[in-house]
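Source file final.txt; content: compact mmCIF, C-alpha atoms and all ligand atoms.
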# COMPACT_ATOMS: atom_id res chain seq x y z
CA MET A 1 44.29 19.73 -21.46
CA ILE A 2 41.56 18.66 -19.08
CA ALA A 3 38.22 20.18 -18.10
CA VAL A 4 37.16 20.17 -14.45
CA LEU A 5 33.43 20.24 -13.74
CA VAL A 6 31.70 20.67 -10.40
CA VAL A 7 28.51 18.59 -10.37
CA ARG A 8 25.73 19.13 -7.85
CA ASP A 9 23.12 16.32 -7.54
CA GLY A 10 23.76 15.18 -11.10
CA VAL A 11 23.34 18.71 -12.50
CA LEU A 12 26.13 20.03 -14.71
CA PRO A 13 27.27 23.65 -14.47
CA LEU A 14 26.45 26.16 -17.19
CA GLY A 15 28.93 25.85 -20.05
CA ALA A 16 30.02 22.32 -19.05
CA ASP A 17 29.85 20.77 -22.51
CA GLU A 18 31.64 23.68 -24.17
CA THR A 19 34.46 23.43 -21.63
CA VAL A 20 34.85 19.71 -22.27
CA ALA A 21 34.88 20.37 -26.02
CA GLU A 22 37.58 23.03 -25.56
CA ALA A 23 39.64 20.49 -23.58
CA GLY A 24 39.46 18.03 -26.48
CA GLY A 25 36.91 15.76 -24.77
CA GLU A 26 38.75 14.95 -21.54
CA ALA A 27 37.17 15.91 -18.21
CA LEU A 28 37.23 15.27 -14.49
CA LEU A 29 33.76 15.45 -12.98
CA ALA A 30 33.67 15.91 -9.21
CA GLY A 31 30.70 16.18 -6.89
CA SER A 32 27.46 14.26 -6.44
CA GLY A 33 25.72 12.28 -9.18
CA VAL A 34 28.74 12.51 -11.49
CA LYS A 35 27.91 9.41 -13.54
CA ASP A 36 24.45 10.69 -14.48
CA ALA A 37 25.96 14.07 -15.30
CA ALA A 38 28.61 12.49 -17.55
CA GLY A 39 25.80 10.94 -19.61
CA GLU A 40 24.60 14.45 -20.48
CA LEU A 41 27.89 15.56 -22.04
CA ALA A 42 27.92 15.36 -25.83
CA ALA A 43 31.60 16.35 -26.11
CA LEU A 44 32.98 13.88 -23.55
CA ARG A 45 35.50 11.27 -24.79
CA THR A 46 37.29 10.38 -21.54
CA GLY A 47 35.70 11.05 -18.18
CA LEU A 48 37.23 10.68 -14.72
CA LEU A 49 34.39 10.46 -12.21
CA ALA A 50 34.99 11.47 -8.59
CA GLU A 51 32.03 11.20 -6.22
CA ASN A 52 33.27 13.80 -3.74
CA GLY A 53 30.22 14.92 -1.76
CA THR A 54 29.25 18.52 -1.15
CA PHE A 55 31.20 21.25 -2.92
CA ALA A 56 33.85 22.85 -0.73
CA PRO A 57 36.14 24.88 -3.00
CA GLY A 58 39.07 25.20 -0.57
CA ARG A 59 39.31 21.50 0.25
CA TRP A 60 38.50 20.42 -3.31
CA ALA A 61 41.26 22.62 -4.71
CA ALA A 62 43.76 20.90 -2.38
CA GLN A 63 42.41 17.47 -3.39
CA LEU A 64 42.32 18.20 -7.12
CA ALA A 65 45.78 19.77 -7.12
CA GLN A 66 47.24 16.38 -6.13
CA VAL A 67 45.52 14.63 -9.04
CA LEU A 68 46.02 17.34 -11.67
CA ALA A 69 49.61 18.42 -10.98
CA ASP A 70 50.83 16.84 -14.23
CA ARG A 71 48.13 18.47 -16.37
CA ASP A 72 49.51 21.59 -17.98
CA GLN A 73 46.21 23.16 -19.06
CA ILE A 74 43.20 22.97 -16.77
CA VAL A 75 39.98 24.65 -17.83
CA LEU A 76 36.76 25.14 -15.88
CA PRO A 77 33.49 26.71 -16.98
CA ALA A 78 33.08 30.29 -15.76
CA SER A 79 29.98 29.15 -13.85
CA PRO A 80 29.54 30.24 -10.20
CA ASP A 81 31.22 27.05 -8.87
CA GLY A 82 33.89 27.14 -11.58
CA ARG A 83 34.74 30.74 -10.69
CA ASP A 84 35.00 29.73 -7.02
CA LEU A 85 37.22 26.74 -7.62
CA ALA A 86 39.52 27.95 -10.41
CA PRO A 87 41.50 30.61 -8.46
CA ARG A 88 41.95 28.29 -5.50
CA LEU A 89 43.14 25.50 -7.79
CA ALA A 90 45.55 27.87 -9.53
CA ALA A 91 46.90 28.99 -6.14
CA GLU A 92 47.33 25.38 -4.95
CA LEU A 93 49.20 24.51 -8.13
CA GLY A 94 51.21 27.75 -8.12
CA ARG A 95 50.22 28.73 -11.67
CA PRO A 96 48.58 31.69 -13.37
CA LEU A 97 44.82 31.93 -13.73
CA PHE A 98 43.22 33.19 -16.94
CA PRO A 99 39.62 34.03 -16.09
CA GLY A 100 36.86 34.65 -18.64
CA ALA A 101 38.52 33.02 -21.65
CA LEU A 102 36.85 32.72 -25.04
CA ARG A 103 39.40 30.18 -26.30
CA VAL A 104 42.34 28.35 -24.82
CA ASN A 105 45.07 26.13 -26.22
CA GLU A 106 48.63 25.11 -25.39
CA THR A 107 50.20 28.26 -26.81
CA GLU A 108 47.69 31.08 -26.30
CA VAL A 109 44.53 32.15 -24.52
CA GLU A 110 41.96 34.63 -25.79
CA LEU A 111 40.34 36.57 -22.97
CA SER A 112 37.20 38.68 -22.97
CA ARG A 113 37.76 42.05 -21.29
CA TRP A 114 36.00 45.40 -20.72
CA ASP A 115 32.52 43.84 -20.60
CA SER A 116 33.22 41.92 -23.81
CA ARG A 117 34.11 45.07 -25.72
CA VAL A 118 37.59 43.77 -26.45
CA SER A 119 39.25 40.39 -26.64
CA VAL A 120 42.91 40.05 -25.71
CA THR A 121 45.06 37.21 -26.98
CA LEU A 122 48.00 36.29 -24.76
CA PRO A 123 50.81 33.88 -25.54
CA VAL A 124 51.30 31.20 -22.87
CA SER A 125 54.33 29.04 -22.33
CA GLY A 126 53.70 27.10 -19.14
CA PRO A 127 50.98 25.39 -17.12
CA PHE A 128 47.85 27.42 -16.31
CA VAL A 129 44.28 27.30 -15.08
CA ALA A 130 41.54 29.08 -17.07
CA THR A 131 37.80 29.59 -16.94
CA LEU A 132 35.81 29.55 -20.18
CA LEU A 133 32.85 31.87 -20.72
CA PRO A 134 29.65 29.91 -21.39
CA GLY A 135 27.55 30.44 -24.50
CA VAL A 136 30.37 31.45 -26.83
CA ARG A 137 32.07 28.34 -28.15
CA GLY A 138 29.34 25.83 -29.03
CA VAL A 139 29.73 22.03 -28.98
CA SER A 140 29.88 19.11 -31.36
CA SER A 141 29.29 15.50 -30.38
CA ALA A 142 32.31 13.30 -29.57
CA GLY A 143 30.51 9.99 -30.14
CA LYS A 144 31.82 7.18 -27.89
CA CYS A 145 33.16 7.93 -24.44
CA GLU A 146 35.11 6.07 -21.73
CA LEU A 147 34.39 6.60 -18.07
CA ARG A 148 36.57 5.71 -15.06
CA ALA A 149 35.72 6.17 -11.39
CA ILE A 150 38.45 7.67 -9.22
CA THR A 151 38.74 8.66 -5.56
CA LEU A 152 40.26 12.03 -4.78
CA PRO A 153 42.95 11.97 -2.05
CA GLU A 154 42.06 13.40 1.34
CA ALA A 155 43.11 17.00 1.96
CA GLU A 156 42.42 19.90 4.29
CA GLY A 157 41.21 23.26 3.01
CA ASN A 158 39.86 26.55 4.26
CA ASP A 159 36.16 26.74 3.53
CA VAL A 160 33.21 28.65 4.81
CA GLU A 161 30.49 26.46 6.26
CA VAL A 162 27.53 26.09 3.88
CA VAL A 163 24.41 26.51 5.98
CA GLU A 164 21.87 26.25 3.20
CA VAL A 165 21.77 26.46 -0.59
CA LEU A 166 18.86 28.64 -1.73
CA GLU A 167 17.44 28.09 -5.19
CA ALA A 168 17.60 31.31 -7.20
CA GLY A 169 14.15 32.69 -8.07
CA PRO A 170 13.46 34.06 -11.55
CA GLY A 171 14.13 37.59 -10.27
CA THR A 172 17.56 36.79 -8.87
CA LEU A 173 18.68 34.08 -11.29
CA ASP A 174 21.80 34.92 -13.28
CA LEU A 175 20.43 35.82 -16.75
CA ALA A 176 23.00 33.55 -18.34
CA GLU A 177 21.22 30.61 -16.70
CA ALA A 178 17.61 31.76 -17.13
CA PRO A 179 15.45 29.38 -19.20
CA LYS A 180 12.74 32.01 -19.79
CA ILE A 181 13.34 35.73 -20.31
CA PHE A 182 10.91 38.61 -20.77
CA ALA A 183 12.92 41.56 -22.00
CA ALA A 184 12.23 45.28 -22.16
CA GLY A 185 13.22 47.55 -25.00
CA ALA A 186 12.83 51.26 -25.64
CA GLY A 187 9.36 50.66 -27.11
CA LEU A 188 8.07 49.64 -23.67
CA GLY A 189 8.61 53.20 -22.50
CA HIS A 190 5.79 54.59 -24.68
CA GLY A 191 2.38 54.91 -23.01
CA ALA A 192 0.73 55.70 -19.73
CA LEU A 193 3.57 54.29 -17.62
CA ASP A 194 7.02 55.86 -17.55
CA GLY A 195 9.97 53.65 -18.51
CA PRO A 196 11.02 52.48 -15.01
CA SER A 197 7.41 51.68 -14.00
CA ALA A 198 6.79 49.72 -17.21
CA VAL A 199 9.99 47.71 -16.73
CA GLU A 200 9.11 47.06 -13.10
CA LEU A 201 5.67 45.77 -14.13
CA LEU A 202 7.29 43.57 -16.79
CA GLY A 203 9.53 42.12 -14.06
CA ARG A 204 6.48 41.25 -11.92
CA VAL A 205 4.62 39.70 -14.86
CA ALA A 206 7.74 37.73 -15.81
CA SER A 207 8.11 36.48 -12.21
CA ALA A 208 4.48 35.35 -12.17
CA LEU A 209 5.28 33.16 -15.19
CA GLY A 210 8.60 31.91 -13.79
CA ALA A 211 10.60 34.06 -16.20
CA SER A 212 13.49 36.47 -15.60
CA LEU A 213 13.70 40.11 -16.64
CA GLY A 214 16.09 41.15 -19.40
CA ALA A 215 16.65 44.48 -21.14
CA THR A 216 18.35 46.22 -24.03
CA ARG A 217 21.16 48.70 -23.62
CA VAL A 218 18.84 51.62 -24.34
CA VAL A 219 16.85 50.57 -21.28
CA THR A 220 19.85 50.07 -18.99
CA ASP A 221 21.52 53.28 -20.20
CA ALA A 222 18.30 55.13 -19.39
CA GLY A 223 18.47 53.70 -15.86
CA TRP A 224 15.11 51.91 -16.11
CA THR A 225 16.80 48.76 -14.74
CA GLY A 226 20.30 47.62 -13.74
CA TYR A 227 23.14 46.76 -16.12
CA GLU A 228 23.15 43.16 -14.87
CA ARG A 229 19.87 42.77 -16.81
CA GLN A 230 21.37 43.90 -20.14
CA ILE A 231 21.56 41.25 -22.82
CA GLY A 232 23.97 41.64 -25.68
CA THR A 233 27.53 41.95 -26.82
CA THR A 234 28.32 44.41 -24.03
CA GLY A 235 25.98 42.74 -21.55
CA VAL A 236 25.14 39.21 -20.50
CA VAL A 237 25.26 36.35 -22.97
CA ALA A 238 22.02 34.46 -22.34
CA ASN A 239 20.67 31.29 -23.93
CA PRO A 240 17.02 30.91 -22.89
CA GLU A 241 14.48 28.47 -24.28
CA LEU A 242 11.87 31.22 -24.42
CA TYR A 243 12.56 34.88 -25.17
CA VAL A 244 9.72 37.41 -25.17
CA ALA A 245 10.76 40.86 -26.42
CA PHE A 246 8.66 43.92 -25.54
CA GLY A 247 9.40 46.89 -27.80
CA ILE A 248 12.84 45.65 -28.91
CA SER A 249 14.05 46.39 -32.44
CA GLY A 250 16.53 43.49 -32.55
CA ALA A 251 19.83 45.29 -33.16
CA SER A 252 22.77 42.97 -33.85
CA GLN A 253 24.48 44.02 -30.58
CA HIS A 254 21.40 42.81 -28.69
CA ILE A 255 20.80 39.62 -30.68
CA GLY A 256 24.52 38.82 -30.31
CA GLY A 257 23.88 38.01 -26.64
CA LEU A 258 20.75 35.99 -27.13
CA GLY A 259 22.12 32.51 -27.87
CA HIS A 260 19.70 30.26 -29.74
CA PRO A 261 16.28 30.43 -28.06
CA ALA A 262 13.89 27.67 -29.16
CA HIS A 263 10.98 30.13 -29.02
CA VAL A 264 10.99 33.87 -29.64
CA VAL A 265 7.98 36.14 -29.25
CA SER A 266 8.19 39.80 -30.28
CA VAL A 267 5.69 42.47 -29.24
CA ASN A 268 6.32 45.48 -31.45
CA THR A 269 4.34 48.07 -33.40
CA ASP A 270 6.70 47.55 -36.35
CA PRO A 271 5.92 44.24 -38.11
CA PHE A 272 9.16 44.46 -40.11
CA CYS A 273 11.73 45.07 -37.37
CA PRO A 274 14.50 42.40 -37.08
CA MET A 275 13.20 41.15 -33.72
CA THR A 276 9.76 40.39 -35.16
CA ALA A 277 11.35 38.93 -38.29
CA MET A 278 13.25 36.37 -36.20
CA ALA A 279 10.28 35.62 -33.92
CA GLU A 280 8.16 32.50 -34.02
CA LEU A 281 5.24 34.68 -32.93
CA GLY A 282 5.08 38.36 -33.79
CA ILE A 283 2.46 40.38 -31.93
CA VAL A 284 2.04 43.68 -33.76
CA ALA A 285 0.69 45.81 -30.93
CA ASP A 286 1.55 48.42 -28.37
CA ALA A 287 3.90 46.85 -25.80
CA GLN A 288 2.40 48.55 -22.73
CA SER A 289 -1.13 47.50 -23.76
CA VAL A 290 -0.09 43.86 -24.13
CA LEU A 291 1.76 44.04 -20.81
CA ALA A 292 -1.24 45.59 -19.04
CA GLU A 293 -3.50 42.84 -20.38
CA LEU A 294 -1.07 40.13 -19.24
CA ALA A 295 -0.90 41.74 -15.80
CA ARG A 296 -4.70 41.81 -15.63
CA LEU A 297 -5.03 38.14 -16.65
CA LEU A 298 -2.35 37.07 -14.16
CA GLU A 299 -3.73 39.37 -11.45
CA VAL A 300 -0.34 41.04 -11.09
CA GLN A 301 -0.55 44.47 -9.47
C1 LIG A 401 29.43 49.09 -29.20
C2 LIG A 401 27.97 48.88 -28.96
C3 LIG A 401 27.60 47.90 -28.07
C4 LIG A 401 26.25 47.68 -27.82
N1 LIG A 401 25.89 46.69 -26.95
C5 LIG A 401 24.58 46.43 -26.77
C6 LIG A 401 24.15 45.38 -25.90
O1 LIG A 401 24.95 44.67 -25.26
N2 LIG A 401 22.83 45.15 -25.76
C7 LIG A 401 21.89 45.91 -26.41
O2 LIG A 401 20.70 45.63 -26.24
N3 LIG A 401 22.28 46.91 -27.21
C8 LIG A 401 23.57 47.19 -27.39
N4 LIG A 401 23.93 48.24 -28.18
C9 LIG A 401 22.87 49.13 -28.68
C10 LIG A 401 22.17 48.58 -29.90
O3 LIG A 401 22.88 48.94 -31.06
C11 LIG A 401 20.75 49.13 -30.00
O4 LIG A 401 20.79 50.52 -29.98
C12 LIG A 401 19.81 48.66 -28.90
O5 LIG A 401 19.87 47.26 -28.75
C13 LIG A 401 18.39 49.06 -29.25
O6 LIG A 401 17.58 48.84 -28.13
P1 LIG A 401 16.01 48.81 -28.28
O7 LIG A 401 15.62 47.72 -29.19
O8 LIG A 401 15.46 48.82 -26.91
O9 LIG A 401 15.66 50.27 -28.89
P2 LIG A 401 15.31 50.72 -30.36
O10 LIG A 401 16.29 50.22 -31.35
O11 LIG A 401 15.07 52.17 -30.28
O12 LIG A 401 13.94 49.97 -30.67
C14 LIG A 401 12.74 50.24 -30.07
C15 LIG A 401 11.67 49.36 -30.69
O13 LIG A 401 10.44 49.59 -30.05
C16 LIG A 401 9.43 49.59 -31.03
N5 LIG A 401 8.33 50.39 -30.51
C17 LIG A 401 8.19 51.74 -30.48
N6 LIG A 401 7.03 52.06 -29.87
C18 LIG A 401 6.46 50.90 -29.49
C19 LIG A 401 5.28 50.58 -28.78
N7 LIG A 401 4.44 51.53 -28.34
N8 LIG A 401 4.99 49.27 -28.56
C20 LIG A 401 5.81 48.30 -29.02
N9 LIG A 401 6.95 48.54 -29.68
C21 LIG A 401 7.26 49.84 -29.91
C22 LIG A 401 10.06 50.17 -32.28
O14 LIG A 401 9.35 49.76 -33.44
C23 LIG A 401 11.46 49.57 -32.18
O15 LIG A 401 11.50 48.34 -32.88
C24 LIG A 401 25.27 48.48 -28.46
C25 LIG A 401 25.68 49.46 -29.36
C26 LIG A 401 27.00 49.67 -29.60
C27 LIG A 401 27.40 50.74 -30.57
Take the structure I supplied and represent it as structure tokens, if you would.
Ligand SMILES: Cc1cc2nc3c(=O)[nH]c(=O)nc-3n(C[C@H](O)[C@H](O)[C@H](O)COP(=O)(O)OP(=O)(O)OC[C@H]3O[C@@H](n4cnc5c(N)ncnc54)[C@H](O)[C@@H]3O)c2cc1C
Amino acid sequence: MIAVLVVRDGVLPLGADETVAEAGGEALLAGSGVKDAAGELAALRTGLLAENGTFAPGRWAAQLAQVLADRDQIVLPASPDGRDLAPRLAAELGRPLFPGALRVNETEVELSRWDSRVSVTLPVSGPFVATLLPGVRGVSSAGKCELRAITLPEAEGNDVEVVEVLEAGPGTLDLAEAPKIFAAGAGLGHGALDGPSAVELLGRVASALGASLGATRVVTDAGWTGYERQIGTTGVVANPELYVAFGISGASQHIGGLGHPAHVVSVNTDPFCPMTAMAELGIVADAQSVLAELARLLEVQ
């Protein structure tokens, strides 16, 4: 089994290390700045390094298919670039694609389905391409690793022309990649503001601090914000460095999608709720009052 990672300017995709670990430590890194990126991988044992310029999924799939034809199991992270490349690579190689896997090996793949409500285990008997969901597997260090530079063969491919790559702002960033998250729970709906207005204000305050907006299922079910903002077992699996919870009780289905934040702050009127119990800093206060004060200090309207 081999992992394939798309590297942009030395930056690894989300879930890179876990994918390499799942592939037993062997990976092909393609893109720009691949050697620097390889140095960041704890699970890497054997790395093939292909400096291959700007990402073009159609052409790259045709190039990689020539190099990877004898590899029976190919796994990519289910990052945006991985999700672009994997189906094209599977089509080039004429094999099935298993997207959104939790686990893959030579004989079976476990796939997450129905917004992570069920996992399906399928037997496999031939070559395949799969994408692995980030934030599920975890990683352990491989120790020593060997690196070898390779050149991918030339190939033609159908690609759209990339005019410009825009950095995602905190408001548009995929929650799974957000380093800082301010999240709204049902408790934020109590006070002068109605639920949607309070969540909207939280989003503006979060943006002013370079953080992204998250929410619990109670909040998304109530329609105060979109489902793409829901963190948890039936939402997005995030893994921020900082998580600030406003009026969130800390139910297991919510915490299950939180990863391992280095810093957790909980604003809650209940000092004993699970969210406050797991927080580094527990602010026992009314969530809307704390939010209004933050907005005032940051001059957020
Ligand atoms: C199959 C299944 C899947 C689920 N998947 C998810 C999921 O993916 N994500 C998810 O989040 N949930 C999920 N849930 C729901 C989950 O069980 C909880 O119900 C939900 O996370 C609770 O959200 P909450 O913390 O916003 O609300 P509550 O549990 O109602 O908590 C509200 C909190 O606000 C506090 N509070 C009240 N007033 C104030 C105030 N004025 N100021 C400050 N704090 C205040 C309260 O003390 C309380 O701690 C799932 C449930 C099931 C059954």
**Request:** Please check which protein, DNA or RNA residues sit within 7 Å of ligand LIG 401 (chain A), counting only C-alpha atoms and all ligand atoms, and write them as a ChimeraX atom specification.
**Result:** /A:184-188,190-191,215-219,230-235,246-254,257,267-270,273,285-288
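Residue nearest Ile74 of chain A, chosen from A:Val20, A:Ile2, A:Leu133, A:Ile150 and counting only C-alpha atoms: A:Ile2.
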Long-range neighbours of Asp17 of chain A as a short mmCIF file (atom, residue, chain, number, x, y, z; two decimals) with C-alpha atoms, in the coordinates of the input, 6 Å cut-off, all atoms listed in the file, 2 positions minimum in chain:
data_model
loop_
_atom_site.label_atom_id
_atom_site.label_comp_id
_atom_site.auth_asym_id
_atom_site.auth_seq_id
_atom_site.Cartn_x
_atom_site.Cartn_y
_atom_site.Cartn_z
CA GLY A 15 28.93 25.85 -20.05
CA THR A 19 34.46 23.43 -21.63
CA VAL A 20 34.85 19.71 -22.27
CA LEU A 41 27.89 15.56 -22.04
CA ALA A 43 31.60 16.35 -26.11
#
**Asked** With distances taken over only C-alpha atoms, which of A:Gly157, A:Pro13, A:Gly171, A:Pro99 is nearest to Val205 of chain A?
**Response**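 When distances to Val205 of chain A are compared using only C-alpha atoms, the smallest one comes from A:Gly171.
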**Request:** Mind checking which residues fall within 7 Å of Pro179 of chain A, counting only C-alpha atoms, ignoring those fewer than 2 positions away in the same chain, and posting them as a list in words?
**Result:** Glu177, Ile181, Pro240, Glu241 and Leu242 of chain A
**Message:** Residues within 9 Å of Ser119 of chain A, please, as an NGL selection string. Count only C-alpha atoms; anything in the same chain fewer than 4 positions from it doesn't count.
**Reply:** :A and (101-102 or 110-114)
**Asked** How far is it from atom CA of Asp174 of chain A to atom CA of Pro57 of chain A, in Å with one decimal?
**Response**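 Atom-to-atom, atom CA of Asp174 of chain A to atom CA of Pro57 of chain A, that is 20.3 Å.
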**Message:** For a cutoff of 10 Å around the file-coordinate point (49.1, 29.9, -28.0), which residues qualify once you count only C-alpha atoms? I'd like the result as a count of residues only.
**Reply:** 13
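Near Ala50 of chain A, within a cut-off of 7 Å and counting all atoms listed in the file, sit the residues Leu29, Ala30, Gly31, Val34, Ala149, Ile150, Thr151 and Leu152 of chain A, with same-chain residues fewer than 3 positions away left out.
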**Item:** Who sits within 9 Å of segment 66-72 of chain A, only C-alpha atoms, same chain under 6 positions skipped, as a PyMOL selection string
**Value:** chain A and resi 1-2+93+106+126-129+152-153
**Asked** Nearest to Glu154 of chain A among A:Arg137, A:Arg59, A:Lys180, A:His263, with distances taken over all atoms listed in the file: which residue is it?
**Response**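 Among the listed residues, A:Arg59 lies closest to Glu154 of chain A.
A straight line drawn from atom CA of Gly259 of chain A to atom CA of Arg229 of chain A is 15.3 Å long.
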**Prompt:** Given the choices A:Ala192, A:Ile255, A:Val244, A:Ala208, which gets closest to Ser289 of chain A if the distance is worked out from all atoms listed in the file?
**Reply:**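 Closest candidate: A:Ala192.
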**Message:** Counting all atoms listed in the file, which residues have an atom no more than 12 Å from (35.3, 30.9, -7.5) in the file's coordinates? Please list them as a VMD selection string.
**Reply:** chain A and resid 6 55 to 58 60 to 61 76 to 91 97 99 to 100 130 to 131 159
**Between atom CA of Glu22 of chain A and atom CA of Gly138 of chain A, distance in Å (one decimal)** =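 Taking atom CA of Glu22 of chain A as the start and atom CA of Gly138 of chain A as the end point, the length is 9.4 Å.
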Test item: axis-aligned box, all listed atoms of segment 26-38 of chain A, 3 Å on each side, centre and edges in Å rounded to one decimal, as AutoDock Vina command-line options:
--center_x 31.6 --center_y 12.8 --center_z -14.0 --size_x 20.3 --size_y 12.8 --size_z 21.1
N, CA and C atoms modelled onto segment 264-280 of chain A, as a CSV table (one decimal), in the coordinates of the input:
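Listed below is the output, rebuild-v1.csv:
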chain,number,residue,atom,x,y,z
A,264,VAL,N,10.9,32.4,-29.8
A,264,VAL,CA,11.0,33.9,-29.6
A,264,VAL,C,9.6,34.5,-29.9
A,265,VAL,N,9.2,35.4,-29.0
A,265,VAL,CA,8.0,36.1,-29.2
A,265,VAL,C,8.4,37.6,-29.3
A,266,SER,N,7.9,38.4,-30.2
A,266,SER,CA,8.2,39.8,-30.3
A,266,SER,C,6.9,40.6,-30.2
A,267,VAL,N,6.8,41.5,-29.3
A,267,VAL,CA,5.7,42.5,-29.2
A,267,VAL,C,6.2,43.8,-29.7
A,268,ASN,N,5.7,44.3,-30.9
A,268,ASN,CA,6.3,45.5,-31.4
A,268,ASN,C,5.3,46.1,-32.4
A,269,THR,N,5.3,47.4,-32.5
A,269,THR,CA,4.3,48.1,-33.4
A,269,THR,C,4.8,48.0,-34.8
A,270,ASP,N,6.1,47.6,-35.0
A,270,ASP,CA,6.7,47.6,-36.4
A,270,ASP,C,6.8,46.1,-36.8
A,271,PRO,N,5.9,45.7,-37.7
A,271,PRO,CA,5.9,44.2,-38.1
A,271,PRO,C,7.2,43.8,-38.9
A,272,PHE,N,8.0,44.8,-39.3
A,272,PHE,CA,9.2,44.5,-40.1
A,272,PHE,C,10.5,44.6,-39.4
A,273,CYS,N,10.5,44.9,-38.1
A,273,CYS,CA,11.7,45.1,-37.4
A,273,CYS,C,12.4,43.7,-37.2
A,274,PRO,N,13.8,43.7,-37.1
A,274,PRO,CA,14.5,42.4,-37.1
A,274,PRO,C,14.0,41.4,-36.0
A,275,MET,N,13.6,42.0,-34.8
A,275,MET,CA,13.2,41.2,-33.7
A,275,MET,C,12.0,40.4,-34.1
A,276,THR,N,11.0,41.1,-34.7
A,276,THR,CA,9.8,40.4,-35.2
A,276,THR,C,10.1,39.4,-36.3
A,277,ALA,N,11.0,39.8,-37.2
A,277,ALA,CA,11.4,38.9,-38.3
A,277,ALA,C,11.9,37.6,-37.8
A,278,MET,N,12.6,37.6,-36.7
A,278,MET,CA,13.2,36.4,-36.2
A,278,MET,C,12.3,35.6,-35.2
A,279,ALA,N,11.1,36.2,-34.9
A,279,ALA,CA,10.3,35.6,-33.9
A,279,ALA,C,9.4,34.5,-34.5
A,280,GLU,N,9.1,33.6,-33.6
A,280,GLU,CA,8.2,32.5,-34.0
A,280,GLU,C,6.7,33.1,-34.0
